[in-house]
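Participant: Pasting model_18.csv below, which is CSV, C-alpha atoms and all ligand atoms.
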```csv
chain,number,residue,atom,x,y,z
R,9,MET,CA,10.1,23.8,-12.6
R,10,ARG,CA,6.4,24.4,-13.4
R,11,ILE,CA,3.9,22.1,-15.0
R,12,VAL,CA,0.3,22.7,-16.0
R,13,ILE,CA,-2.0,19.7,-16.5
R,14,ASP,CA,-5.0,20.2,-18.7
R,15,CYS,CA,-7.5,17.7,-17.2
R,16,GLY,CA,-10.5,16.2,-19.0
R,17,ALA,CA,-11.7,14.7,-15.7
R,18,LEU,CA,-10.0,15.6,-12.4
R,19,VAL,CA,-10.6,13.4,-9.4
R,20,LEU,CA,-10.9,15.6,-6.3
R,21,TYR,CA,-11.5,13.9,-2.9
R,22,ASP,CA,-15.2,13.2,-3.1
R,23,ARG,CA,-16.1,14.2,-6.7
R,24,ILE,CA,-15.0,14.5,-10.3
R,25,GLU,CA,-14.7,17.9,-12.0
R,26,HIS,CA,-14.3,18.4,-15.7
R,27,ASN,CA,-12.0,20.7,-17.8
R,28,ARG,CA,-9.8,21.9,-15.0
R,29,ARG,CA,-6.2,23.0,-15.0
R,30,VAL,CA,-3.7,22.0,-12.3
R,31,LEU,CA,-0.6,24.1,-11.7
R,32,ILE,CA,2.4,22.4,-10.2
R,33,GLU,CA,5.4,24.3,-8.9
R,34,ASP,CA,8.6,22.8,-7.4
R,35,GLY,CA,6.9,19.5,-6.8
R,36,VAL,CA,3.9,20.9,-5.1
R,37,ILE,CA,0.3,21.4,-6.3
R,38,ARG,CA,-0.2,25.2,-6.3
R,39,ALA,CA,-3.6,25.8,-7.8
R,40,ILE,CA,-6.6,24.2,-9.5
R,41,ALA,CA,-8.9,26.3,-11.7
R,42,ALA,CA,-11.2,26.2,-14.7
R,43,HIS,CA,-9.4,29.1,-16.3
R,44,MET,CA,-5.8,29.7,-15.7
R,45,ASP,CA,-3.1,31.0,-18.0
R,46,ALA,CA,-0.1,28.7,-18.1
R,47,PRO,CA,3.1,30.5,-17.0
R,48,ALA,CA,5.4,31.1,-20.0
R,49,ASP,CA,8.1,28.7,-18.6
R,50,ALA,CA,5.6,25.9,-17.8
R,51,THR,CA,5.4,22.5,-19.4
R,52,VAL,CA,1.8,21.8,-20.4
R,53,ILE,CA,0.6,18.2,-20.2
R,54,ASP,CA,-2.4,17.5,-22.4
R,55,ALA,CA,-4.8,15.2,-20.5
R,56,ARG,CA,-8.0,16.5,-22.0
R,57,ALA,CA,-8.9,13.0,-23.1
R,58,HIS,CA,-7.9,11.5,-19.7
R,59,ILE,CA,-8.8,11.1,-16.1
R,60,VAL,CA,-6.3,12.7,-13.6
R,61,LEU,CA,-6.2,11.4,-10.1
R,62,PRO,CA,-4.0,11.2,-7.0
R,63,GLY,CA,-1.1,8.8,-7.5
R,64,PHE,CA,-1.7,5.4,-5.9
R,65,ILE,CA,-0.2,4.7,-2.5
R,66,ASP,CA,0.6,1.0,-1.8
R,67,ILE,CA,1.3,0.5,1.9
R,68,HIS,CA,1.8,-3.3,1.5
R,69,ALA,CA,4.2,-4.3,-1.3
R,70,HIS,CA,7.1,-6.9,-0.9
R,71,GLY,CA,8.6,-6.9,-4.4
R,72,ALA,CA,8.4,-6.9,-8.2
R,73,MET,CA,10.4,-7.7,-11.2
R,74,GLY,CA,12.6,-10.2,-9.4
R,75,ALA,CA,13.4,-7.8,-6.6
R,76,ASP,CA,12.3,-8.1,-2.9
R,77,THR,CA,12.5,-5.7,0.0
R,78,MET,CA,14.4,-8.5,1.9
R,79,ASP,CA,17.2,-8.3,-0.7
R,80,ALA,CA,18.2,-5.2,1.3
R,81,THR,CA,19.9,-3.6,-1.7
R,82,PRO,CA,19.4,-0.2,-3.3
R,83,GLU,CA,19.0,-1.9,-6.7
R,84,ALA,CA,16.1,-4.0,-5.4
R,85,LEU,CA,14.2,-1.0,-4.1
R,86,GLN,CA,14.9,0.9,-7.3
R,87,THR,CA,13.6,-1.9,-9.5
R,88,MET,CA,10.4,-2.0,-7.4
R,89,ALA,CA,10.0,1.8,-7.4
R,90,ARG,CA,10.3,1.9,-11.2
R,91,PHE,CA,7.9,-0.9,-11.9
R,92,PHE,CA,5.3,0.5,-9.4
R,93,ALA,CA,5.5,4.0,-11.0
R,94,ALA,CA,4.7,2.5,-14.4
R,95,HIS,CA,1.5,1.3,-12.7
R,96,GLY,CA,0.4,4.6,-11.4
R,97,VAL,CA,2.0,4.3,-7.9
R,98,THR,CA,3.6,7.5,-6.6
R,99,GLY,CA,4.5,6.3,-3.1
R,100,PHE,CA,4.8,2.9,-1.3
R,101,LEU,CA,6.0,1.1,1.8
R,102,PRO,CA,8.6,-1.6,1.0
R,103,THR,CA,7.4,-4.5,3.1
R,104,THR,CA,9.6,-6.9,5.0
R,105,MET,CA,8.9,-10.6,5.8
R,106,THR,CA,9.2,-12.7,8.9
R,107,ALA,CA,13.0,-13.5,9.1
R,108,GLN,CA,16.0,-13.4,11.4
R,109,ARG,CA,16.5,-10.2,13.3
R,110,GLU,CA,19.6,-9.1,11.3
R,111,LYS,CA,17.8,-9.6,8.0
R,112,ILE,CA,14.8,-7.5,9.0
R,113,GLU,CA,17.2,-4.9,10.4
R,114,ALA,CA,19.2,-4.8,7.1
R,115,ALA,CA,16.1,-4.3,5.1
R,116,ILE,CA,14.9,-1.4,7.3
R,117,GLU,CA,18.3,0.2,7.1
R,118,ASN,CA,18.3,-0.1,3.3
R,119,VAL,CA,14.9,1.6,3.2
R,120,ARG,CA,16.3,4.4,5.3
R,121,GLN,CA,19.3,4.9,2.9
R,122,ALA,CA,17.0,4.8,-0.1
R,123,MET,CA,14.8,7.6,1.4
R,124,ILE,CA,17.7,10.0,1.8
R,125,SER,CA,19.2,9.2,-1.6
R,126,PRO,CA,18.1,11.1,-4.8
R,127,SER,CA,15.5,9.2,-6.7
R,128,ALA,CA,15.1,8.9,-10.5
R,129,PRO,CA,12.1,10.7,-12.1
R,130,ASP,CA,10.5,7.5,-13.3
R,131,THR,CA,10.4,5.9,-9.8
R,132,ALA,CA,7.7,6.0,-7.1
R,133,HIS,CA,8.8,7.5,-3.8
R,134,ILE,CA,9.6,5.3,-0.8
R,135,LEU,CA,7.5,6.6,2.0
R,136,GLY,CA,8.9,4.3,4.8
R,137,ALA,CA,8.9,0.7,5.7
R,138,HIS,CA,6.2,-1.8,6.6
R,139,VAL,CA,7.4,-4.5,8.9
R,140,GLU,CA,5.2,-7.6,8.4
R,141,GLY,CA,5.9,-10.1,11.2
R,142,PRO,CA,7.9,-11.6,12.9
R,143,PHE,CA,5.5,-11.2,15.9
R,144,ILE,CA,2.7,-13.1,14.3
R,145,ASN,CA,0.8,-16.4,14.9
R,146,PRO,CA,2.1,-19.6,13.2
R,147,LYS,CA,-1.6,-20.7,13.0
R,148,GLN,CA,-2.2,-18.0,10.4
R,149,CYS,CA,1.2,-18.0,8.7
R,150,GLY,CA,0.1,-17.6,5.1
R,151,ALA,CA,3.4,-17.6,3.2
R,152,GLN,CA,5.4,-16.3,6.2
R,153,PRO,CA,8.0,-18.8,7.5
R,154,ILE,CA,6.9,-20.3,10.8
R,155,GLU,CA,10.4,-21.0,12.1
R,156,PHE,CA,11.2,-17.3,12.5
R,157,MET,CA,8.0,-16.3,14.3
R,158,ARG,CA,8.5,-15.2,17.9
R,159,THR,CA,7.2,-13.1,20.8
R,160,ALA,CA,7.6,-9.3,20.8
R,161,ASP,CA,10.6,-8.1,22.6
R,162,PRO,CA,11.3,-4.4,22.9
R,163,ARG,CA,15.1,-5.0,22.8
R,164,GLU,CA,14.5,-6.3,19.3
R,165,TYR,CA,11.9,-3.9,17.9
R,166,SER,CA,12.9,-0.6,19.5
R,167,PRO,CA,16.0,-0.2,17.4
R,168,TRP,CA,13.8,-0.7,14.3
R,169,PHE,CA,11.4,2.1,15.4
R,170,GLU,CA,14.4,4.3,16.4
R,171,ARG,CA,15.6,4.4,12.8
R,172,GLY,CA,12.6,6.7,12.1
R,173,VAL,CA,11.5,5.0,8.8
R,174,VAL,CA,9.1,2.3,10.0
R,175,LYS,CA,5.6,3.7,9.2
R,176,LEU,CA,3.6,0.5,9.8
R,177,ILE,CA,4.1,-2.9,11.6
R,178,THR,CA,1.9,-5.9,11.3
R,179,ILE,CA,1.5,-8.0,14.5
R,180,ALA,CA,-0.8,-10.6,16.0
R,181,PRO,CA,-2.4,-9.2,19.2
R,182,GLU,CA,-2.4,-12.6,20.9
R,183,VAL,CA,1.4,-13.0,20.7
R,184,ASP,CA,3.2,-12.3,24.0
R,185,GLY,CA,4.3,-8.7,24.2
R,186,ALA,CA,2.1,-7.5,21.3
R,187,ILE,CA,0.0,-5.1,23.3
R,188,HIS,CA,3.1,-3.5,24.8
R,189,LEU,CA,4.5,-3.2,21.3
R,190,ILE,CA,1.4,-1.4,20.1
R,191,GLU,CA,1.8,1.2,22.9
R,192,ASP,CA,5.6,1.6,22.1
R,193,ALA,CA,4.9,1.9,18.3
R,194,ARG,CA,2.3,4.7,18.9
R,195,ARG,CA,5.0,6.6,20.8
R,196,PHE,CA,7.2,6.4,17.8
R,197,GLY,CA,4.4,7.4,15.4
R,198,VAL,CA,4.3,3.9,13.9
R,199,ALA,CA,0.9,2.7,12.8
R,200,VAL,CA,0.0,-0.9,13.8
R,201,ALA,CA,-1.9,-3.4,11.8
R,202,VAL,CA,-3.4,-6.6,13.1
R,203,GLY,CA,-2.7,-9.5,10.8
R,204,HIS,CA,-1.5,-13.1,10.5
R,205,THR,CA,-3.6,-13.5,13.6
R,206,ASP,CA,-5.9,-16.0,15.3
R,207,ALA,CA,-7.1,-13.3,17.7
R,208,THR,CA,-10.7,-13.6,19.0
R,209,TYR,CA,-13.0,-10.7,18.7
R,210,ALA,CA,-12.1,-9.6,22.3
R,211,GLN,CA,-8.3,-9.9,21.6
R,212,ALA,CA,-8.6,-7.8,18.4
R,213,GLN,CA,-10.7,-5.2,20.1
R,214,ALA,CA,-8.1,-4.9,22.9
R,215,ALA,CA,-5.4,-4.3,20.2
R,216,PHE,CA,-7.5,-1.5,18.7
R,217,ALA,CA,-8.1,0.0,22.1
R,218,ALA,CA,-4.4,0.0,22.7
R,219,GLY,CA,-3.8,1.9,19.4
R,220,ALA,CA,-3.7,-0.5,16.5
R,221,ASN,CA,-5.6,1.2,13.7
R,222,GLN,CA,-5.9,-1.3,10.8
R,223,ALA,CA,-6.0,-4.8,9.6
R,224,THR,CA,-3.4,-6.3,7.2
R,225,HIS,CA,-4.9,-8.0,4.1
R,226,THR,CA,-8.4,-8.2,5.6
R,227,PHE,CA,-9.9,-11.7,5.3
R,228,ASN,CA,-6.5,-13.3,4.6
R,229,ALA,CA,-4.6,-15.0,7.4
R,230,MET,CA,-7.0,-14.0,10.2
R,231,ARG,CA,-9.8,-15.7,12.2
R,232,GLY,CA,-13.0,-15.3,10.2
R,233,LEU,CA,-16.4,-14.0,11.3
R,234,HIS,CA,-18.4,-16.6,13.2
R,235,HIS,CA,-21.7,-15.4,14.6
R,236,ARG,CA,-20.8,-16.7,18.1
R,237,GLU,CA,-17.1,-15.8,17.9
R,238,PRO,CA,-16.8,-12.8,15.5
R,239,GLY,CA,-13.0,-13.1,15.5
R,240,ALA,CA,-10.5,-10.5,14.3
R,241,LEU,CA,-12.5,-10.1,11.1
R,242,GLY,CA,-15.7,-9.2,13.1
R,243,ALA,CA,-13.7,-6.7,15.1
R,244,VAL,CA,-12.4,-5.0,12.0
R,245,MET,CA,-15.9,-4.8,10.4
R,246,ALA,CA,-17.6,-3.6,13.6
R,247,ASN,CA,-15.1,-0.9,14.6
R,248,ASP,CA,-15.6,2.2,12.5
R,249,ALA,CA,-12.2,3.7,13.3
R,250,VAL,CA,-10.3,0.7,11.9
R,251,TYR,CA,-8.8,0.7,8.4
R,252,ALA,CA,-9.1,-2.5,6.3
R,253,GLN,CA,-6.3,-3.3,3.9
R,254,LEU,CA,-7.6,-5.3,1.0
R,255,ILE,CA,-5.9,-7.3,-1.7
R,256,CYS,CA,-8.0,-6.6,-4.8
R,257,ASP,CA,-6.8,-9.3,-7.1
R,258,ASN,CA,-10.1,-11.3,-7.2
R,259,VAL,CA,-8.1,-14.3,-6.0
R,260,HIS,CA,-7.1,-13.6,-2.3
R,261,VAL,CA,-10.7,-12.3,-1.8
R,262,HIS,CA,-13.8,-13.0,-3.8
R,263,PRO,CA,-15.2,-9.9,-5.5
R,264,ALA,CA,-18.4,-10.4,-3.5
R,265,ALA,CA,-16.5,-10.4,-0.2
R,266,MET,CA,-14.7,-7.2,-1.4
R,267,ASN,CA,-18.1,-5.7,-1.9
R,268,VAL,CA,-19.3,-6.8,1.6
R,269,LEU,CA,-16.2,-5.1,3.1
R,270,TYR,CA,-16.8,-1.9,1.1
R,271,LYS,CA,-20.4,-1.8,2.2
R,272,CYS,CA,-19.3,-2.2,5.8
R,273,LYS,CA,-16.3,0.1,6.0
R,274,GLY,CA,-16.9,2.7,3.2
R,275,ALA,CA,-14.3,4.3,0.9
R,276,ASP,CA,-12.7,6.2,3.8
R,277,ARG,CA,-11.7,3.0,5.7
R,278,VAL,CA,-10.8,0.5,2.9
R,279,ALA,CA,-7.1,0.7,1.9
R,280,VAL,CA,-6.4,-1.1,-1.3
R,281,ILE,CA,-3.0,-2.9,-1.4
R,282,THR,CA,-1.2,-5.2,-3.7
R,283,ASP,CA,0.8,-7.4,-1.4
R,284,ALA,CA,2.9,-7.8,-4.5
R,285,MET,CA,5.8,-10.3,-4.4
R,286,GLU,CA,8.9,-10.5,-6.6
R,287,ALA,CA,7.3,-12.4,-9.4
R,288,THR,CA,5.0,-9.4,-10.1
R,289,GLY,CA,5.7,-8.2,-13.7
R,290,LEU,CA,7.5,-11.4,-14.7
R,291,GLY,CA,4.6,-13.7,-15.9
R,292,ASP,CA,4.3,-17.3,-14.9
R,293,GLY,CA,7.2,-19.5,-13.6
R,294,ALA,CA,9.1,-20.6,-10.6
R,295,PHE,CA,10.4,-18.0,-8.1
R,296,ALA,CA,11.8,-17.7,-4.6
R,297,LEU,CA,10.1,-16.2,-1.6
R,298,GLY,CA,12.9,-16.0,0.9
R,299,ALA,CA,14.0,-19.6,1.3
R,300,GLN,CA,10.7,-21.0,-0.1
R,301,ARG,CA,9.8,-21.9,-3.6
R,302,VAL,CA,6.8,-20.2,-5.3
R,303,LEU,CA,5.1,-21.3,-8.4
R,304,VAL,CA,3.1,-18.7,-10.4
R,305,GLN,CA,0.4,-20.0,-12.7
R,306,GLY,CA,-2.1,-17.8,-14.4
R,307,GLY,CA,-0.8,-14.9,-12.3
R,308,ILE,CA,-1.6,-16.7,-9.0
R,309,ALA,CA,1.5,-17.3,-6.7
R,310,ARG,CA,1.4,-20.3,-4.5
R,311,LEU,CA,3.9,-22.1,-2.2
R,312,GLU,CA,4.5,-25.8,-2.9
R,313,ASN,CA,1.9,-26.6,-0.1
R,314,GLY,CA,-0.7,-24.6,-2.1
R,315,ALA,CA,-0.9,-21.6,0.2
R,316,LEU,CA,-1.2,-18.2,-1.6
R,317,ALA,CA,2.2,-16.5,-1.5
R,318,GLY,CA,1.5,-12.8,-2.0
R,319,SER,CA,0.1,-11.6,-5.2
R,320,THR,CA,1.3,-10.4,-8.7
R,321,LEU,CA,-1.3,-7.6,-8.6
R,322,THR,CA,-0.6,-4.0,-9.6
R,323,MET,CA,-2.4,-1.0,-8.2
R,324,ASP,CA,-3.9,0.1,-11.5
R,325,ALA,CA,-5.5,-3.4,-11.9
R,326,ALA,CA,-6.6,-3.2,-8.2
R,327,PHE,CA,-8.2,0.2,-9.0
R,328,ARG,CA,-10.2,-1.4,-11.9
R,329,ASN,CA,-11.0,-4.5,-9.8
R,330,ILE,CA,-12.5,-2.6,-6.8
R,331,ILE,CA,-14.7,-0.6,-9.2
R,332,ALA,CA,-15.9,-3.8,-10.9
R,333,ALA,CA,-16.5,-5.6,-7.5
R,334,THR,CA,-18.4,-2.8,-5.8
R,335,GLY,CA,-19.8,-0.6,-8.5
R,336,CYS,CA,-18.2,2.4,-6.7
R,337,SER,CA,-17.4,5.6,-8.5
R,338,PRO,CA,-13.8,6.3,-9.7
R,339,ALA,CA,-13.6,9.0,-7.0
R,340,GLU,CA,-14.4,6.5,-4.3
R,341,ALA,CA,-12.0,3.9,-5.8
R,342,SER,CA,-9.3,6.6,-5.9
R,343,ARG,CA,-9.9,7.3,-2.2
R,344,MET,CA,-9.4,3.6,-1.4
R,345,CYS,CA,-6.2,3.6,-3.5
R,346,SER,CA,-4.7,6.9,-2.3
R,347,ALA,CA,-6.2,9.0,0.5
R,348,SER,CA,-7.3,6.2,2.8
R,349,PRO,CA,-4.0,4.3,2.7
R,350,ALA,CA,-2.1,7.6,3.2
R,351,ARG,CA,-4.3,8.4,6.2
R,352,ALA,CA,-3.9,4.9,7.6
R,353,VAL,CA,-0.1,5.5,8.0
R,354,GLY,CA,-0.3,9.2,8.9
R,355,LEU,CA,0.9,10.7,5.6
R,356,ASP,CA,-2.4,12.3,4.6
R,357,TYR,CA,-1.2,15.9,5.4
R,358,ARG,CA,0.7,16.0,2.1
R,359,LYS,CA,-0.2,12.7,0.2
R,360,GLY,CA,-3.3,11.2,-1.3
R,361,ARG,CA,-5.1,14.2,-2.7
R,362,ILE,CA,-4.9,16.6,-5.6
R,363,ALA,CA,-5.3,19.9,-3.7
R,364,PRO,CA,-3.2,23.0,-3.2
R,365,GLY,CA,-0.3,22.4,-0.8
R,366,TYR,CA,-0.2,18.6,-1.5
R,367,ASP,CA,2.7,16.9,-3.1
R,368,ALA,CA,2.4,16.7,-6.9
R,369,ASP,CA,1.9,12.9,-7.0
R,370,ILE,CA,-0.5,12.2,-9.8
R,371,ALA,CA,-1.6,9.4,-12.1
R,372,ILE,CA,-3.1,10.0,-15.5
R,373,LEU,CA,-5.3,7.2,-16.9
R,374,ASP,CA,-7.0,6.8,-20.2
R,375,ALA,CA,-10.7,6.1,-20.7
R,376,THR,CA,-10.2,2.3,-20.1
R,377,LEU,CA,-8.4,3.2,-16.8
R,378,ARG,CA,-4.9,2.2,-18.0
R,379,VAL,CA,-2.0,4.3,-16.9
R,380,VAL,CA,-0.8,6.9,-19.4
R,381,LYS,CA,1.6,8.9,-17.2
R,382,THR,CA,2.7,9.0,-13.6
R,383,ILE,CA,4.0,12.2,-12.0
R,384,VAL,CA,6.0,11.8,-8.8
R,385,GLY,CA,6.9,14.9,-6.8
R,386,GLY,CA,6.3,17.0,-9.9
R,387,GLN,CA,8.6,14.9,-12.0
R,388,TYR,CA,7.8,12.5,-14.8
R,389,ALA,CA,9.5,10.4,-17.3
R,390,GLU,CA,8.3,10.4,-20.9
R,391,LYS,CA,7.3,6.8,-21.9
R,392,THR,CA,10.0,5.4,-24.2
R,393,GLY,CA,8.1,2.5,-25.7
U,401,ZN,ZN,0.9,-11.2,4.8
```
Just give me the structure of the file as structure tokens.

Facilitator:
Amino acid sequence: MRIVIDCGALVLYDRIEHNRRVLIEDGVIRAIAAHMDAPADATVIDARAHIVLPGFIDIHAHGAMGADTMDATPEALQTMARFFAAHGVTGFLPTTMTAQREKIEAAIENVRQAMISPSAPDTAHILGAHVEGPFINPKQCGAQPIEFMRTADPREYSPWFERGVVKLITIAPEVDGAIHLIEDARRFGVAVAVGHTDATYAQAQAAFAAGANQATHTFNAMRGLHHREPGALGAVMANDAVYAQLICDNVHVHPAAMNVLYKCKGADRVAVITDAMEATGLGDGAFALGAQRVLVQGGIARLENGALAGSTLTMDAAFRNIIAATGCSPAEASRMCSASPARAVGLDYRKGRIAPGYDADIAILDATLRVVKTIVGGQYAEKTG
């Protein structure tokens, strides 16, 4: 199956080129050129009035449309994958919550099954699992249930890593066993994020020295930057190698703080995420977050105690928000929404760029940066209404 996209504007890694054609063959990008005859059997997509960029990659997404990763059902992941694709996402990591061991295990196994099952053309690809908790600090719980937080035991987490689908785990470095977990995770090729943590600057630096490479939802649920104790946030900002996940909904983080992070880390180290929960896409109302009740008002999800409970953000809105907050170019925003998150979890050898040899994962936006079409692995669904 061959596709040619006629691009008005084409976002390459560090620049935008105009009037280019992209050739896709068998799900892979084969060529990019100013002049190229479309093969006779190719489908031509007219995007001459549009901006064509790498599909968004969300490495931190719990749920959408009433479905949650912790449901541990194929239907839940499909619902999420379909909703995310409609918002320009071509790949994501279904993200688990702090819970009983068996529940986390069931969710990881469900992700594994989904990855080896055929996927519908209008769904984003599942790229692996993100395990958020349970080895985190109750002092920085956010919306994660405190009663299931515990110390890191290899007898518990090793079987998770052995399934081969965990791409990322969020831990608090100060929890017993966490540094050992980081070393084990690296042996399995699992990236480690520091998050839900009260770590001091020194404790966070020790985690990064042991192999952790990123921070989960930077600013949220971590010790802030104090000038005499720079905390986990100070360590994230000062360490050039560290990626910073960022919820760009203008609620979890003030746009000015988003800009501060961008100025500090640059587009190659900020990874835009949604942290979307199951109410995403459903409007305001009352929802469940595991055993907890969540109220969504004006798109803001809170527990009954007032704590923010994940977001209802979509990646296309996040893309617009990061541009508005920082004044960055669409090419830089694209890096923060695709290439940087892909690199943060070791998938950048075939994801996150429009370049020959890369997977044909592409989002097409109109001039107001709304999604027109999403192409996942060279497949796309015509919008029906
Ligand atoms: Zn979280």

Participant: Taking all atoms listed in the file and a cut-off of 9 Å, can you tell me which residues surround ligand ZN 401 (chain U), written as a list in words?

Facilitator: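 Here is the list of contacting residues: His68, Met105, Glu140, Gly141, Cys149, Gly150, Ala151, Gln152, Thr178, Gly203, His204, Thr224, His225, Asn228, Ala229, Asp283, Ala317 and Gly318 of chain R.
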
Participant: Skip segment 249-263 of chain R itself and residues of its chain fewer than 4 positions away, then list as an MDAnalysis selection string all residues within 9 Å of it, counting only C-alpha atoms.

Facilitator: chainID R and resid 67:68 201 216 220:228 243:245 267:269 273 276:283 308 316 318:323 325:327 329:330 332:334 348:349 352

Participant: Name the residues, using the chain letters and numbers of the file, that sit within 12 Å of (9.7, -23.1, 14.7) when counting only C-alpha atoms, and give them as a ChimeraX atom specification.

Facilitator: /R:106-107,142,145-147,149,152-159

Participant: Which residues, written as an mmCIF file with C-alpha atoms, in the coordinates of the input, have at least one atom at most 8 Å from Leu377 of chain R, with only C-alpha atoms counted and residues fewer than 2 positions away on the same chain left out?

Facilitator:
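And here's selection_34.cif as it stands now:
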```cif
data_model
loop_
_atom_site.group_PDB
_atom_site.id
_atom_site.type_symbol
_atom_site.label_atom_id
_atom_site.label_comp_id
_atom_site.auth_asym_id
_atom_site.auth_seq_id
_atom_site.Cartn_x
_atom_site.Cartn_y
_atom_site.Cartn_z
ATOM 1 C CA ILE R 59 -8.800 11.100 -16.100
ATOM 2 C CA ASP R 324 -3.900 0.100 -11.500
ATOM 3 C CA ARG R 328 -10.200 -1.400 -11.900
ATOM 4 C CA LEU R 373 -5.300 7.200 -16.900
ATOM 5 C CA ASP R 374 -7.000 6.800 -20.200
ATOM 6 C CA ALA R 375 -10.700 6.100 -20.700
ATOM 7 C CA VAL R 379 -2.000 4.300 -16.900
#
```

Participant: Just want the 6 Å neighbourhood of Leu101 of chain R, counted on all atoms listed in the file, with same-chain residues fewer than 3 positions away dropped. Output as a PyMOL selection string.

Facilitator: chain R and resi 67+135-138

Participant: Just want the 10 Å neighbourhood of segment 355-368 of chain R, counted on all atoms listed in the file, with same-chain residues fewer than 5 positions away dropped. Output as a JSON list (two decimals) with C-alpha atoms, in the frame of the given file.

Facilitator:
```json
[["chain", "number", "residue", "atom", "x", "y", "z"],
["R", 11, "ILE", "CA", 3.90, 22.10, -15.00],
["R", 18, "LEU", "CA", -10.00, 15.60, -12.40],
["R", 19, "VAL", "CA", -10.60, 13.40, -9.40],
["R", 20, "LEU", "CA", -10.90, 15.60, -6.30],
["R", 21, "TYR", "CA", -11.50, 13.90, -2.90],
["R", 30, "VAL", "CA", -3.70, 22.00, -12.30],
["R", 31, "LEU", "CA", -0.60, 24.10, -11.70],
["R", 32, "ILE", "CA", 2.40, 22.40, -10.20],
["R", 33, "GLU", "CA", 5.40, 24.30, -8.90],
["R", 34, "ASP", "CA", 8.60, 22.80, -7.40],
["R", 35, "GLY", "CA", 6.90, 19.50, -6.80],
["R", 36, "VAL", "CA", 3.90, 20.90, -5.10],
["R", 37, "ILE", "CA", 0.30, 21.40, -6.30],
["R", 38, "ARG", "CA", -0.20, 25.20, -6.30],
["R", 39, "ALA", "CA", -3.60, 25.80, -7.80],
["R", 40, "ILE", "CA", -6.60, 24.20, -9.50],
["R", 60, "VAL", "CA", -6.30, 12.70, -13.60],
["R", 61, "LEU", "CA", -6.20, 11.40, -10.10],
["R", 62, "PRO", "CA", -4.00, 11.20, -7.00],
["R", 63, "GLY", "CA", -1.10, 8.80, -7.50],
["R", 64, "PHE", "CA", -1.70, 5.40, -5.90],
["R", 65, "ILE", "CA", -0.20, 4.70, -2.50],
["R", 98, "THR", "CA", 3.60, 7.50, -6.60],
["R", 99, "GLY", "CA", 4.50, 6.30, -3.10],
["R", 135, "LEU", "CA", 7.50, 6.60, 2.00],
["R", 175, "LYS", "CA", 5.60, 3.70, 9.20],
["R", 342, "SER", "CA", -9.30, 6.60, -5.90],
["R", 343, "ARG", "CA", -9.90, 7.30, -2.20],
["R", 344, "MET", "CA", -9.40, 3.60, -1.40],
["R", 345, "CYS", "CA", -6.20, 3.60, -3.50],
["R", 346, "SER", "CA", -4.70, 6.90, -2.30],
["R", 347, "ALA", "CA", -6.20, 9.00, 0.50],
["R", 348, "SER", "CA", -7.30, 6.20, 2.80],
["R", 349, "PRO", "CA", -4.00, 4.30, 2.70],
["R", 350, "ALA", "CA", -2.10, 7.60, 3.20],
["R", 383, "ILE", "CA", 4.00, 12.20, -12.00],
["R", 384, "VAL", "CA", 6.00, 11.80, -8.80],
["R", 385, "GLY", "CA", 6.90, 14.90, -6.80],
["R", 386, "GLY", "CA", 6.30, 17.00, -9.90],
["R", 387, "GLN", "CA", 8.60, 14.90, -12.00]]
```

Participant: To one decimal place, how far is atom CA of Thr104 of chain R from atom CA of Val302 of chain R in Å?

Facilitator: 17.1 Å

Participant: Skip Arg29 of chain R itself and residues of its chain fewer than 6 positions away, then list as number ranges by chain all residues within 6 Å of it, counting only C-alpha atoms.

Facilitator: R: 13-15, 40-42

Participant: Please write the residues from the selection above to a file, keeping C-alpha atoms, as a short mmCIF file (atom, residue, chain, number, x, y, z; two decimals), in the coordinates of the input.

Facilitator:
```cif
data_model
loop_
_atom_site.label_atom_id
_atom_site.label_comp_id
_atom_site.auth_asym_id
_atom_site.auth_seq_id
_atom_site.Cartn_x
_atom_site.Cartn_y
_atom_site.Cartn_z
CA ILE R 13 -2.00 19.70 -16.50
CA ASP R 14 -5.00 20.20 -18.70
CA CYS R 15 -7.50 17.70 -17.20
CA ILE R 40 -6.60 24.20 -9.50
CA ALA R 41 -8.90 26.30 -11.70
CA ALA R 42 -11.20 26.20 -14.70
#
```

Participant: Suppose you want the space between atom CA of Ala284 of chain R and atom CA of Asp161 of chain R; what is it in Å?

Facilitator: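 Atom CA of Asp161 of chain R lies 28.2 Å from atom CA of Ala284 of chain R.
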
Participant: Could you please determine the separation between atom CA of Glu113 of chain R and atom CA of Pro167 of chain R in Å, to one decimal place?

Facilitator: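 Those two atoms sit 8.5 Å apart.
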
Participant: Which of these residues is nearest to Ile53 of chain R, using all atoms listed in the file: R:Arg310, R:Val12, R:Ala84, R:Thr382?

Facilitator: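 Once distances to Ile53 of chain R are computed over all atoms listed in the file, the minimum belongs to R:Val12.
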
Participant: So which residues fall inside 10 Å of (6.5, 0.4, 19.9) if we count all atoms listed in the file? Mind giving them as a list in words?

Facilitator: Ala160, Asp161, Pro162, Tyr165, Ser166, Pro167, Trp168, Phe169, Glu170, Ile177, Ala186, Ile187, His188, Leu189, Ile190, Glu191, Asp192, Ala193, Arg194, Arg195, Phe196, Gly197, Val198, Ala199 and Val200 of chain R
